[in-house]
Structures are given as structure tokens and as C-alpha cells.
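Have a look at input37.txt below; it lists compact mmCIF, C-alpha atoms.
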```txt
# COMPACT_ATOMS: atom_id res chain seq x y z
CA MET A 92 42.76 34.07 -13.58
CA ASN A 93 39.42 35.65 -13.22
CA TRP A 94 37.86 33.86 -16.17
CA ILE A 95 39.09 30.50 -14.90
CA ALA A 96 37.27 31.06 -11.65
CA LYS A 97 34.17 32.17 -13.51
CA ARG A 98 34.32 29.17 -15.78
CA HIS A 99 34.71 26.93 -12.77
CA ALA A 100 31.65 28.40 -11.13
CA ALA A 101 29.60 27.98 -14.28
CA GLY A 102 30.72 24.36 -14.55
CA ARG A 103 29.68 23.71 -11.00
CA ALA A 104 26.30 25.26 -11.58
CA ASN A 105 25.82 23.07 -14.59
CA ALA A 106 26.89 19.97 -12.71
CA THR A 107 24.37 20.77 -10.00
CA ALA A 108 21.72 21.32 -12.62
CA ALA A 109 22.56 18.00 -14.26
CA LEU A 110 22.37 16.21 -10.94
CA ILE A 111 18.98 17.70 -10.20
CA ALA A 112 17.85 16.87 -13.72
CA VAL A 113 18.85 13.23 -13.26
CA ALA A 114 17.05 13.04 -9.90
CA LEU A 115 13.90 14.57 -11.32
CA PHE A 116 14.05 12.39 -14.41
CA LEU A 117 14.26 9.30 -12.25
CA ALA A 118 11.34 10.52 -10.15
CA GLY A 119 9.37 11.09 -13.34
CA CYS A 120 9.93 7.63 -14.74
CA GLY A 121 8.82 5.65 -11.76
CA ILE A 122 11.66 5.16 -9.29
CA ASN A 123 9.19 6.08 -6.57
CA THR A 124 6.28 3.98 -7.76
CA ILE A 125 7.26 0.69 -6.19
CA PRO A 126 8.19 2.08 -2.76
CA THR A 127 4.98 4.12 -2.75
CA LEU A 128 2.78 1.16 -3.59
CA GLU A 129 4.69 -0.99 -1.14
CA GLU A 130 4.06 1.47 1.66
CA GLN A 131 0.40 1.63 0.76
CA ALA A 132 0.08 -2.14 0.85
CA LYS A 133 1.89 -2.32 4.18
CA GLY A 134 -0.33 0.41 5.54
CA SER A 135 -3.42 -1.52 4.49
CA TRP A 136 -2.02 -4.59 6.14
CA SER A 137 -1.55 -2.84 9.45
CA GLU A 138 -5.19 -1.78 9.22
CA VAL A 139 -6.20 -5.42 8.67
CA GLN A 140 -4.21 -6.48 11.69
CA SER A 141 -5.51 -3.75 13.94
CA GLN A 142 -9.10 -4.62 13.06
CA TYR A 143 -8.49 -8.28 13.86
CA GLN A 144 -6.87 -7.15 17.09
CA ARG A 145 -9.91 -5.06 17.87
CA ARG A 146 -12.08 -8.13 17.47
CA ALA A 147 -9.81 -10.12 19.76
CA ASP A 148 -10.08 -7.35 22.36
CA LEU A 149 -13.86 -7.65 22.40
CA ILE A 150 -13.89 -11.36 23.06
CA PRO A 151 -13.04 -11.66 26.79
CA ASN A 152 -15.90 -9.32 27.64
CA LEU A 153 -18.25 -11.21 25.34
CA VAL A 154 -17.29 -14.57 26.79
CA SER A 155 -17.82 -13.44 30.36
CA THR A 156 -21.19 -11.93 29.51
CA VAL A 157 -22.36 -15.12 27.84
CA LYS A 158 -21.01 -17.18 30.76
CA GLY A 159 -23.33 -15.34 33.09
CA TYR A 160 -26.38 -16.65 31.27
CA ALA A 161 -25.28 -19.84 29.54
CA GLN A 162 -22.76 -21.55 31.75
CA GLN A 163 -23.58 -24.99 30.41
CA GLU A 164 -22.26 -24.07 26.97
CA ARG A 165 -18.76 -24.73 28.16
CA ASP A 166 -17.55 -26.32 24.91
CA VAL A 167 -18.34 -23.36 22.73
CA LEU A 168 -16.99 -20.89 25.27
CA ASN A 169 -13.73 -22.82 25.56
CA GLU A 170 -13.47 -23.08 21.84
CA VAL A 171 -13.76 -19.33 21.47
CA THR A 172 -11.20 -18.66 24.18
CA GLN A 173 -8.71 -21.09 22.70
CA ALA A 174 -9.22 -19.89 19.14
CA ARG A 175 -8.66 -16.35 20.36
CA ALA A 176 -5.45 -17.30 22.13
CA LYS A 177 -4.18 -19.01 19.02
CA ALA A 178 -5.17 -16.21 16.69
CA THR A 179 -3.49 -13.52 18.78
CA GLN A 180 -0.26 -15.51 18.80
CA ILE A 181 0.09 -15.47 15.05
CA GLN A 182 1.19 -12.04 13.93
CA VAL A 183 2.44 -11.20 10.48
CA ASN A 184 4.62 -8.12 10.36
CA ALA A 185 4.91 -6.02 7.24
CA ASP A 186 8.17 -7.63 6.09
CA GLN A 187 6.65 -11.09 6.04
CA LEU A 188 3.98 -10.17 3.53
CA THR A 189 5.89 -11.71 0.64
CA ASP A 190 5.61 -15.08 2.38
CA PRO A 191 2.33 -16.74 1.37
CA ASP A 192 2.66 -19.35 4.13
CA ALA A 193 2.79 -16.77 6.90
CA LEU A 194 -0.32 -15.13 5.56
CA ARG A 195 -2.08 -18.46 5.19
CA ARG A 196 -1.38 -19.38 8.82
CA PHE A 197 -2.70 -16.00 9.96
CA GLN A 198 -5.77 -16.43 7.83
CA GLU A 199 -6.48 -19.94 9.09
CA ALA A 200 -6.19 -18.96 12.73
CA GLN A 201 -8.53 -16.00 12.24
CA ALA A 202 -11.00 -18.10 10.25
CA GLN A 203 -11.12 -20.60 13.09
CA LEU A 204 -11.90 -17.80 15.51
CA SER A 205 -14.61 -16.52 13.16
CA GLY A 206 -16.18 -19.97 13.11
CA ALA A 207 -16.12 -20.29 16.90
CA LEU A 208 -17.60 -16.81 17.31
CA GLY A 209 -20.35 -17.66 14.84
CA ARG A 210 -21.29 -20.69 16.95
CA LEU A 211 -21.24 -18.60 20.13
CA ILE A 212 -23.63 -16.08 18.61
CA ALA A 213 -25.80 -18.90 17.31
CA ILE A 214 -26.22 -20.56 20.72
CA SER A 215 -27.00 -17.22 22.31
CA GLU A 216 -30.25 -17.35 20.34
CA ASN A 217 -31.41 -20.02 22.78
CA TYR A 218 -31.16 -17.73 25.81
CA PRO A 219 -33.80 -15.00 25.77
CA ASP A 220 -32.40 -13.36 28.92
CA LEU A 221 -28.97 -13.12 27.34
CA LYS A 222 -30.40 -11.81 24.12
CA SER A 223 -32.13 -8.97 25.88
CA ASN A 224 -29.13 -8.09 28.05
CA GLN A 225 -28.03 -4.56 27.19
CA ASN A 226 -24.37 -5.33 27.60
CA PHE A 227 -24.66 -8.31 25.28
CA LEU A 228 -26.51 -6.25 22.67
CA ALA A 229 -23.83 -3.59 22.73
CA LEU A 230 -21.06 -6.17 22.46
CA GLN A 231 -22.85 -7.89 19.65
CA SER A 232 -23.25 -4.76 17.59
CA GLN A 233 -19.60 -3.92 18.23
CA LEU A 234 -18.66 -7.38 17.08
CA GLU A 235 -20.72 -7.05 13.93
CA GLY A 236 -19.23 -3.65 13.22
CA THR A 237 -15.74 -5.02 13.74
CA GLU A 238 -16.38 -7.96 11.41
CA ASN A 239 -17.55 -5.46 8.84
CA ARG A 240 -14.45 -3.33 9.31
CA ILE A 241 -12.33 -6.44 8.91
CA ALA A 242 -14.07 -7.15 5.59
CA VAL A 243 -13.39 -3.58 4.41
CA ALA A 244 -9.76 -3.64 5.57
CA ARG A 245 -9.21 -6.99 3.84
CA ARG A 246 -10.63 -5.68 0.60
CA ASP A 247 -8.46 -2.55 0.81
CA TYR A 248 -5.43 -4.73 1.42
CA ILE A 249 -6.29 -6.99 -1.51
CA SER A 250 -6.60 -4.06 -3.87
CA ALA A 251 -3.41 -2.41 -2.57
CA VAL A 252 -1.52 -5.66 -3.11
CA GLN A 253 -3.05 -6.01 -6.53
CA ASN A 254 -1.74 -2.57 -7.50
CA TYR A 255 1.67 -3.34 -6.09
CA ASN A 256 1.92 -6.76 -7.73
CA THR A 257 0.79 -5.42 -11.09
CA GLU A 258 3.50 -2.78 -10.89
CA VAL A 259 6.16 -5.31 -9.91
CA ARG A 260 5.21 -7.75 -12.64
CA THR A 261 4.67 -5.45 -15.59
CA PHE A 262 6.90 -3.16 -17.59
CA PRO A 263 8.45 -0.76 -16.61
CA GLY A 264 7.92 -1.55 -12.94
CA ARG A 265 9.51 -4.92 -13.53
CA LEU A 266 12.85 -3.26 -14.18
CA TRP A 267 12.63 -1.24 -10.98
CA ALA A 268 11.57 -4.36 -9.12
CA MET A 269 14.91 -5.92 -10.13
CA VAL A 270 16.72 -2.86 -8.81
CA TYR A 271 14.82 -2.94 -5.52
CA ASN A 272 14.72 -6.72 -5.36
CA ALA A 273 10.97 -6.32 -4.82
CA GLU A 274 8.90 -9.47 -4.66
CA PRO A 275 5.16 -9.80 -5.17
CA MET A 276 3.14 -9.82 -1.95
CA ALA A 277 0.76 -12.52 -0.80
CA THR A 278 -2.93 -11.86 -0.51
CA PHE A 279 -6.00 -13.55 0.96
CA ALA A 280 -7.10 -16.78 -0.66
CA THR A 281 -10.41 -17.64 0.98
CA PRO A 282 -13.49 -16.33 -0.76
CA GLU A 283 -14.95 -13.32 0.93
CA GLU A 284 -18.31 -14.97 1.61
CA ASN A 285 -16.70 -17.00 4.38
CA GLN A 286 -15.72 -13.79 6.08
CA ARG A 287 -19.14 -12.21 6.28
CA PRO A 288 -20.18 -11.35 9.79
CA PRO A 289 -22.62 -13.77 11.35
CA SER A 290 -25.96 -12.10 10.86
CA VAL A 291 -28.39 -12.02 13.72
CA THR A 292 -32.07 -11.19 13.66
CA PHE A 293 -33.85 -9.67 16.59
CA MET B 18 9.80 -2.56 -33.55
CA ALA B 19 7.03 0.01 -33.58
CA ARG B 20 4.52 -2.81 -33.56
CA VAL B 21 5.99 -4.34 -30.47
CA TRP B 22 5.62 -1.01 -28.70
CA VAL B 23 2.03 -0.62 -29.80
CA PHE B 24 1.35 -4.11 -28.54
CA PHE B 25 2.90 -3.25 -25.16
CA LEU B 26 0.90 -0.07 -24.92
CA VAL B 27 -2.36 -1.84 -25.66
CA LEU B 28 -1.50 -4.52 -23.13
CA LEU B 29 -0.69 -2.02 -20.40
CA THR B 30 -3.84 -0.05 -21.09
CA ALA B 31 -5.89 -3.23 -20.96
CA ILE B 32 -4.35 -4.13 -17.61
CA GLY B 33 -5.04 -0.64 -16.36
CA PHE B 34 -8.67 -0.85 -17.30
CA GLY B 35 -8.98 -4.34 -15.90
CA VAL B 36 -7.80 -3.17 -12.50
CA ALA B 37 -9.83 0.03 -12.55
CA THR B 38 -13.16 -1.54 -13.42
CA ALA B 39 -12.93 -4.59 -11.19
CA ARG B 40 -16.19 -5.08 -9.31
CA GLU B 41 -17.66 -1.78 -8.28
CA PRO B 42 -21.31 -0.95 -7.84
CA SER B 43 -22.68 2.12 -9.59
CA PHE B 44 -23.78 5.02 -7.41
CA PRO B 45 -26.43 7.71 -7.80
CA THR B 46 -25.27 11.28 -8.32
CA LEU B 47 -24.76 13.38 -5.22
CA THR B 48 -27.38 16.02 -5.91
CA GLY B 49 -27.81 17.35 -2.39
CA ARG B 50 -27.93 16.36 1.26
CA ILE B 51 -30.91 14.15 0.49
CA VAL B 52 -30.57 11.86 -2.50
CA ASP B 53 -34.03 10.35 -2.77
CA GLU B 54 -33.66 7.80 -5.53
CA ALA B 55 -36.45 5.61 -4.17
CA GLN B 56 -38.76 8.63 -3.75
CA LEU B 57 -39.73 8.04 -0.15
CA VAL B 58 -39.64 11.63 1.07
CA ASN B 59 -42.22 14.24 0.05
CA ALA B 60 -41.26 17.82 -0.73
CA ASP B 61 -42.28 19.27 2.66
CA ALA B 62 -40.39 16.77 4.75
CA ARG B 63 -37.48 17.00 2.38
CA SER B 64 -36.94 20.71 2.82
CA GLN B 65 -37.39 20.34 6.56
CA ILE B 66 -34.80 17.58 6.85
CA GLU B 67 -32.47 19.42 4.52
CA ARG B 68 -32.61 22.49 6.75
CA LYS B 69 -31.56 20.38 9.71
CA LEU B 70 -28.71 18.86 7.78
CA VAL B 71 -27.46 22.27 6.64
CA ALA B 72 -27.67 23.66 10.17
CA PHE B 73 -25.82 20.62 11.46
CA GLU B 74 -22.97 21.11 9.04
CA MET B 75 -22.81 24.85 9.73
CA LYS B 76 -22.54 24.18 13.42
CA THR B 77 -20.09 21.30 13.48
CA GLY B 78 -18.39 21.08 10.09
CA ARG B 79 -19.52 17.46 9.92
CA GLN B 80 -21.57 16.15 7.03
CA LEU B 81 -24.61 13.91 7.19
CA VAL B 82 -26.29 12.76 3.98
CA VAL B 83 -29.53 10.82 3.59
CA VAL B 84 -29.81 8.48 0.64
CA THR B 85 -32.63 6.18 -0.47
CA LEU B 86 -31.84 3.55 -3.08
CA ASN B 87 -33.93 1.65 -5.59
CA SER B 88 -31.53 -1.24 -5.54
CA LEU B 89 -28.40 -2.44 -3.80
CA GLN B 90 -27.40 -4.16 -7.04
CA GLY B 91 -26.96 -7.48 -5.32
CA TYR B 92 -24.52 -6.15 -2.73
CA GLU B 93 -24.86 -6.32 1.01
CA ILE B 94 -25.78 -2.90 2.34
CA GLU B 95 -22.50 -2.90 4.32
CA ASP B 96 -20.56 -3.52 1.09
CA TYR B 97 -22.44 -0.86 -0.77
CA GLY B 98 -22.48 1.73 1.99
CA TYR B 99 -18.81 2.32 2.61
CA GLN B 100 -18.06 2.39 -1.11
CA LEU B 101 -20.81 4.95 -1.63
CA GLY B 102 -19.41 7.08 1.17
CA ARG B 103 -15.91 6.92 -0.29
CA SER B 104 -17.14 7.59 -3.80
CA TRP B 105 -19.03 10.70 -2.71
CA GLY B 106 -16.33 11.70 -0.26
CA ILE B 107 -18.74 12.69 2.48
CA GLY B 108 -17.03 14.48 5.36
CA GLN B 109 -13.92 16.62 5.31
CA LYS B 110 -10.85 15.04 3.88
CA GLU B 111 -8.59 15.64 6.86
CA SER B 112 -10.96 14.47 9.56
CA ASN B 113 -13.20 11.97 7.70
CA ASN B 114 -16.15 13.32 9.63
CA GLY B 115 -19.04 12.24 7.45
CA ALA B 116 -21.98 9.92 7.96
CA LEU B 117 -24.69 8.45 5.75
CA LEU B 118 -28.19 7.24 6.46
CA ILE B 119 -28.89 4.68 3.75
CA VAL B 120 -32.37 3.29 3.12
CA ALA B 121 -33.00 0.49 0.62
CA PRO B 122 -36.77 -0.08 0.78
CA ASN B 123 -36.86 -2.86 -1.80
CA GLU B 124 -34.31 -4.93 0.09
CA HIS B 125 -35.80 -3.84 3.45
CA ARG B 126 -32.41 -2.75 4.67
CA VAL B 127 -31.26 0.37 6.46
CA ARG B 128 -27.77 1.39 7.52
CA ILE B 129 -25.98 4.18 9.31
CA GLU B 130 -22.55 4.40 7.70
CA VAL B 131 -20.00 6.22 9.84
CA GLY B 132 -16.80 7.86 8.58
CA TYR B 133 -13.46 7.02 10.20
CA GLY B 134 -13.36 10.25 12.17
CA LEU B 135 -16.77 9.83 13.82
CA GLU B 136 -16.46 6.17 14.81
CA SER B 137 -15.58 7.03 18.38
CA THR B 138 -18.64 9.24 18.86
CA LEU B 139 -21.30 7.60 16.73
CA THR B 140 -20.24 4.09 17.71
CA ASP B 141 -21.57 0.86 16.26
CA ALA B 142 -23.61 0.26 19.40
CA ILE B 143 -25.22 3.72 19.32
CA SER B 144 -25.92 3.42 15.60
CA ARG B 145 -27.56 0.11 16.28
CA LEU B 146 -29.72 1.61 19.01
CA ILE B 147 -30.86 4.42 16.74
CA ILE B 148 -31.80 1.93 14.06
CA GLU B 149 -33.58 -0.45 16.40
CA ASN B 150 -35.41 2.14 18.49
CA SER B 151 -36.07 5.10 16.22
CA ILE B 152 -36.02 3.95 12.64
CA LEU B 153 -37.19 0.35 12.35
CA PRO B 154 -40.46 0.64 14.34
CA ARG B 155 -41.61 3.39 11.93
CA PHE B 156 -40.37 1.65 8.81
CA ARG B 157 -42.27 -1.48 9.84
CA THR B 158 -45.51 0.49 9.72
CA GLY B 159 -44.59 2.02 6.37
CA ASP B 160 -43.78 5.43 7.82
CA PHE B 161 -40.56 6.07 5.93
CA VAL B 162 -40.58 9.84 6.39
CA GLY B 163 -41.04 9.50 10.14
CA GLY B 164 -38.28 6.91 10.44
CA ILE B 165 -35.84 8.98 8.43
CA GLU B 166 -36.68 12.13 10.39
CA ARG B 167 -36.19 10.44 13.73
CA GLY B 168 -33.00 8.79 12.53
CA VAL B 169 -31.58 12.11 11.34
CA ASP B 170 -32.58 13.81 14.60
CA ASP B 171 -30.92 11.12 16.68
CA VAL B 172 -27.72 11.08 14.67
CA ILE B 173 -27.50 14.86 14.85
CA GLN B 174 -28.18 14.76 18.56
CA VAL B 175 -25.44 12.22 19.17
CA LEU B 176 -23.00 14.19 17.05
CA THR B 177 -23.74 17.58 18.58
CA GLY B 178 -25.18 16.95 22.04
CA ASP B 179 -22.24 15.50 23.89
CA ALA B 180 -20.51 18.31 25.80
CA ALA B 181 -17.39 16.28 26.55
CA ASP B 182 -17.09 15.88 22.85
CA PHE B 183 -16.58 19.53 22.24
CA GLN B 184 -12.83 19.46 22.50
CA ARG B 185 -12.43 16.58 20.14
CA ARG B 186 -14.62 18.37 17.66
CA ALA B 187 -12.57 21.51 18.02
CA SER B 188 -9.37 19.69 17.17
CA GLU B 189 -11.14 17.97 14.30
CA GLN B 190 -12.06 21.29 12.80
CA GLN B 191 -8.59 22.66 12.47
CA PRO B 192 -8.07 23.96 8.94
CA PRO B 193 -6.85 21.30 6.53
CA GLU B 194 -3.26 21.45 5.40
CA PRO B 195 -2.89 23.73 2.40
CA GLU B 196 -1.78 20.90 0.13
CA ASP B 197 -2.81 22.54 -3.12
CA ALA B 198 -1.21 25.83 -2.29
CA LEU B 199 2.00 24.06 -1.39
CA GLN B 200 2.12 22.33 -4.74
CA PHE B 201 1.94 25.66 -6.49
CA VAL B 202 4.68 27.09 -4.33
CA TRP B 203 6.86 24.16 -5.29
CA ILE B 204 6.19 24.64 -8.97
CA PHE B 205 7.23 28.27 -8.73
CA VAL B 206 10.32 27.49 -6.72
CA ILE B 207 11.44 24.90 -9.25
CA LEU B 208 10.56 27.11 -12.19
CA GLY B 209 12.49 29.99 -10.69
CA PHE B 210 15.46 27.76 -9.98
CA TRP B 211 15.62 26.50 -13.54
CA LEU B 212 15.25 29.95 -14.95
CA PHE B 213 18.06 31.18 -12.76
CA ILE B 214 20.44 28.37 -13.72
CA ALA B 215 19.55 28.50 -17.39
CA LEU B 216 20.05 32.24 -17.69
CA LYS B 217 23.23 32.15 -15.69
CA SER B 218 24.87 29.35 -17.61
CA GLN B 219 23.84 30.79 -20.95
CA ARG B 220 25.32 34.12 -20.13
CA ARG B 221 28.57 32.66 -18.92
CA ASP B 222 29.12 30.27 -21.76
CA ALA B 223 27.08 30.77 -24.86
CA ARG B 224 28.40 27.69 -26.61
CA ARG B 225 27.05 25.28 -24.05
CA ARG B 226 23.64 23.85 -24.65
CA PRO B 227 20.95 25.33 -22.45
CA VAL B 228 19.69 23.34 -19.53
CA PRO B 229 16.84 21.06 -20.62
CA TRP B 230 13.47 22.40 -19.63
CA ILE B 231 12.10 19.54 -17.68
CA ILE B 232 9.58 20.81 -15.17
CA PRO B 233 8.49 18.03 -12.90
CA LEU B 234 5.31 18.23 -10.89
CA PRO B 235 5.69 17.25 -7.29
CA GLY B 236 4.25 13.81 -6.67
CA GLY B 237 1.44 12.90 -4.36
CA ARG B 238 -2.16 11.94 -4.63
CA PRO B 239 -4.42 14.14 -6.65
CA SER B 240 -6.32 15.95 -3.97
CA GLY B 241 -9.76 15.60 -5.49
CA ARG B 242 -11.79 18.69 -5.11
CA TRP B 243 -10.84 22.23 -4.29
CA SER B 244 -13.86 23.08 -2.30
CA THR B 245 -14.27 21.58 1.10
CA GLY B 246 -17.90 20.71 1.50
CA SER B 247 -19.70 23.77 0.29
CA ARG B 248 -22.52 25.25 2.29
CA GLY B 249 -26.06 25.82 1.21
CA ARG B 250 -28.18 24.27 -1.49
CA GLY B 251 -27.22 23.64 -5.03
CA GLY B 252 -23.48 23.52 -4.63
CA PHE B 253 -23.31 20.71 -2.13
CA SER B 254 -20.40 18.34 -2.45
CA GLY B 255 -18.41 16.02 -0.25
CA GLY B 256 -15.12 17.12 1.23
CA GLY B 257 -13.26 13.91 0.42
CA GLY B 258 -13.86 12.04 3.66
CA SER B 259 -13.32 8.30 3.83
CA PHE B 260 -15.13 5.36 5.37
CA GLY B 261 -13.93 2.09 6.83
CA GLY B 262 -17.10 0.13 7.53
CA GLY B 263 -18.14 1.70 10.83
CA GLY B 264 -21.82 1.91 11.79
CA ALA B 265 -24.70 -0.52 11.99
CA SER B 266 -27.42 -2.00 9.83
CA GLY B 267 -30.93 -3.26 10.34
CA ARG B 268 -33.70 -4.98 8.42
CA TRP B 269 -37.44 -4.91 8.65
```

Please rewrite the model in this file as C-alpha cells.
Amino acid sequence: MNWIAKRHAAGRANATAALIAVALFLAGCGINTIPTLEEQAKGSWSEVQSQYQRRADLIPNLVSTVKGYAQQERDVLNEVTQARAKATQIQVNADQLTDPDALRRFQEAQAQLSGALGRLIAISENYPDLKSNQNFLALQSQLEGTENRIAVARRDYISAVQNYNTEVRTFPGRLWAMVYNAEPMATFATPEENQRPPSVTF
Amino acid sequence: MARVWVFFLVLLTAIGFGVATAREPSFPTLTGRIVDEAQLVNADARSQIERKLVAFEMKTGRQLVVVTLNSLQGYEIEDYGYQLGRSWGIGQKESNNGALLIVAPNEHRVRIEVGYGLESTLTDAISRLIIENSILPRFRTGDFVGGIERGVDDVIQVLTGDAADFQRRASEQQPPEPEDALQFVWIFVILGFWLFIALKSQRRDARRRPVPWIIPLPGGRPSGRWSTGSRGRGGFSGGGGSFGGGGASGRW
């Protein structure tokens, strides 16, 4: 009687040990790799989006400052406002990242806004009063800094996606990808040069 | 069969290297709080600036490093700067409270690179003002030492002077999580657990095979360095802080 109970207890201990061994073995051979890389890529994406959002937040203030000095530049000002409205409408949440079309639409809308902003900064060169306005200078350096942060966030996202996609497409990650049904993520297509902040000389 | 495996291994290694070496500038070695590759700062000024930088770190726990470069290797200074900051790990790891003053005399470019944690204090606009008002006028007349000194003074002033900032700094300075210590605790817990089970099951039933001795290490990023930004000369190192492109640049 007693030895049966003892034997039972030992068996249970061994079963527990085996279970833990299996869990640890799986952890060792990469069951966590894909979710980890996926989370990293999604995290980088949210950074990209928040930096673009930060740029969008600067624009109303910038537009109203420029309006004060260069009212006749209505076309460019409207263009910026409209491009901003369009760009803020297109959001890509983390689950849509495997859809290249969603990312392309996001990218196009933001690129359009970048272009319009570049023109706005360019015309401001023609207004000495505007150029020396303290508020405008502060906004401009914030805008430049934000463009730079966008470039950094994009590059971080690209490299995070690269790591994730390499894992999903190569052995042994490929096997886990089948288990998780993990698809490669989309990344930015436009060359980085187009995304450089508009440079301004004083 | 063995050949196929060797082939796979070589392929995987090649992919690994390909990813790792993709497009990164090379950086000078972090030899101290002033890394004067372009040799712009004479010995006197150097020790004076260094003293300020040490005092600044002692007082606030934040790190400021001055670096002069012979070449940006074809990169924009913005591109180069944040990667340099990340590579050196300036600032403490938990609060990312580092900043760099980068001077590239051959490209006529200067930049204040601001770590994530200081972006709200040393903003882009303030960095720009420091560059435009304190640094560039002196650089334009060839006074590199003067420009660097004024730039360092201003950055330090911004990062220490603000009284309202005190609270934020206090919360920034909370001791970092004892990540390394925790890992060791885990290892001992797991080791102990295995030992316990193994001994127990062997004693109860000698015929059974012993539990396999797999000792996993808890996952997680390697946490870089042990020391968090050492004090004083000689042993200076970054604390693992990161950068996201904050700051401002100028040219002359």
C-alpha cells in the first residue's frame, strides 16, 4: 500500500519534470523567436506611426504662423492642410502590416505631405519677416527634428522587419512560421533619399 | 546527408553575416568624455571641458560626450550621429539620458544628438538655438575650442539649470532594474529544482533513467555592460542609452 503511493508520487514528479523539460526544450529551439521578432517589428511600427503623428500635430501651428506673413500663398497652404488631413486618415494598425497595399497607401499619403511641407518651407525663404520670426524658427527646427526622427524610426522598422522576415523564411523558423501561420511583413519601398528632411540654410 | 547539413549551416551563417554587416558606418573608440579624432582641442581646454563633463555626470547622472570626427564617411551627420550614440551607448540604459556634441570640421557640420530620455528637456528648438547662437559664430571664425566650450556650457546649463525639471530628473535616476541579478537567481532556482527532482526520483526508483540535465538560460536581450557609466577618467563607458534622432544640426 505504502509503496504504491510512493511509486505514484515518484511518477508524478517525473511527469512534471518531463513536462518542464519539454517546455524548456521548445523554448530553447526557437518557439519564442517568431513572436519575439514579431513584437519587435510591431513596436518599431508604432514608433514610426507616432513620429508621423507628431509631424501632423506640428502642422496646424506652422500653417497659421506662415499665414500671418504670407497670406497670398494660399495654394501651398491649402495643399499642406489637405495633405495633412489625408495622411492622418490613413492609419495602419499592427495587424495590417502583412498587407503591402495598406503600407503603400500609408507611405504615399505621407510622401505627399512631405512634398507639400517641402514646398511650404521653400516659399518661406521669400519672406524675410517670416524667416526671422521666433515662433517660425522654433517650429521649423521641431519639424526638421521630427523628419529626422521619422527617418530613424523607419530605418529601425525596416531592420526589425528584415529580422522577422529572415526568421520566417529560413530554416528552422520556417517550420515555426507554419505552426504560427506567420506571414512576412511589408516594408517601405521608396528609397530613403526621398524622405530626407528639407534642408534649410539660414 | 552530412553534406546537405554543412551546406545549410554555411547558408545560414552567410545570411547571418549579410544581415549583421548591412550598411553601418565605422565609429571611433570611446576613449573618454572627449573623443578628439580631428584634433581640434588642445590639452588645456580638454582637461577643463572634461572636468565639466565629469561634474555634470556626478551631479545629474546624465552623460554628455564631445566627439570630433575626421570624416562622416559619406553619411549625413544626422544618420551618423544617432548610430554613434547607440553604438557607444551614451546615457543610462533605463533612462536613455545621454547627449552628444558632434563636430565634423571637414564637412563643416555640427550636431547636438539627444537621447530619447532628454528630448523633452533639450528639445530640438533649444538645441538649434545653442548651435546657431553659441557654436556656429565661433566656428565660423575658426575658434573651435571656444565654440565647443560654449556649446558644452549651454547644454549643461539647459540640462541642470531648470528647477521645474528637478522632479523629472529624480524619477529618471531611480536605480535600474536588477536584470542581471535576476537572471542569476533564475539559474539557481532552476538548478536547484532539477537537482531536487533528479535526486528524489533516483532515490525512489533506481532503475529509471535520471532526468536529463538540460539547464536552460532565461531568454532576453543580452544586457551589454555590467557597469553603468563609470565615473572618473580612464574607465569611462556608456551606460547603454539609446537615441532616436532627437536634436539639431548646423553647418558653417

Non-local contacts of A:Arg145 (12 Å; all atoms listed in the file; under 5 positions in same chain excluded) as a list in words: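 Here the answer would be Glu138, Val139, Gln140, Ile150, Pro151, Arg175, Thr179, Gln233, Leu234, Glu235, Gly236, Thr237, Glu238, Asn239, Arg240 and Ile241 of chain A.
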
Could you take the residues named above and write them with C-alpha atoms, as a short mmCIF file (atom, residue, chain, number, x, y, z; two decimals), keeping the file's coordinate frame?
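Heads up, here's the output in selection.cif:
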```
data_model
loop_
_atom_site.label_atom_id
_atom_site.label_comp_id
_atom_site.auth_asym_id
_atom_site.auth_seq_id
_atom_site.Cartn_x
_atom_site.Cartn_y
_atom_site.Cartn_z
CA GLU A 138 -5.19 -1.78 9.22
CA VAL A 139 -6.20 -5.42 8.67
CA GLN A 140 -4.21 -6.48 11.69
CA ILE A 150 -13.89 -11.36 23.06
CA PRO A 151 -13.04 -11.66 26.79
CA ARG A 175 -8.66 -16.35 20.36
CA THR A 179 -3.49 -13.52 18.78
CA GLN A 233 -19.60 -3.92 18.23
CA LEU A 234 -18.66 -7.38 17.08
CA GLU A 235 -20.72 -7.05 13.93
CA GLY A 236 -19.23 -3.65 13.22
CA THR A 237 -15.74 -5.02 13.74
CA GLU A 238 -16.38 -7.96 11.41
CA ASN A 239 -17.55 -5.46 8.84
CA ARG A 240 -14.45 -3.33 9.31
CA ILE A 241 -12.33 -6.44 8.91
#
```

Under the rule of at most 8 Å, produce a per-residue listing of chain A near chain B: chain, number, name, the closest pair of atoms, and the distance in Å, as CSV, using all atoms listed in the file.
```
residue,atom,partner,partner_atom,distance
A:Lys97,CA,B:Arg221,CA,7.8
A:Arg98,CA,B:Arg221,CA,7.4
A:Ala101,CA,B:Ser218,CA,5.9
A:Ala104,CA,B:Ile214,CA,7.0
A:Asn105,CA,B:Ser218,CA,7.0
A:Ala108,CA,B:Ile214,CA,7.2
A:Ala112,CA,B:Ile231,CA,7.5
A:Leu115,CA,B:Pro233,CA,6.6
A:Gly119,CA,B:Pro233,CA,7.0
A:Leu228,CA,B:Ala142,CA,7.8
A:Ala229,CA,B:Ala142,CA,5.1
A:Leu230,CA,B:Ala142,CA,7.6
A:Ser232,CA,B:Ala142,CA,5.3
A:Gln233,CA,B:Asp141,CA,5.5
A:Glu235,CA,B:Ala265,CA,7.9
A:Gly236,CA,B:Asp141,CA,5.9
A:Thr237,CA,B:Gly263,CA,7.7
A:Asn239,CA,B:Gly262,CA,5.8
A:Arg240,CA,B:Gly262,CA,4.7
A:Val243,CA,B:Gly262,CA,6.1
A:Ala244,CA,B:Gly261,CA,7.2
A:Asn254,CA,B:Val36,CA,7.9
A:Thr261,CA,B:Leu29,CA,8.0
```

Interatomic distance, atom CA of B:Ile207 to atom CA of A:Tyr271 (Å, one decimal):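 These two atoms are separated by 28.3 Å.
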
Contacts of B:Asn114 within 9 Å, only C-alpha atoms, excl. fewer than 4 positions in-chain, as a PyMOL selection string: chain B and resi 78-81+107-110+131-136+189+258-259

Separation of atom CA of B:Asp61 from atom CA of B:Glu124, in Å and rounded to one decimal: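 Between these atoms lies a distance of 25.6 Å.
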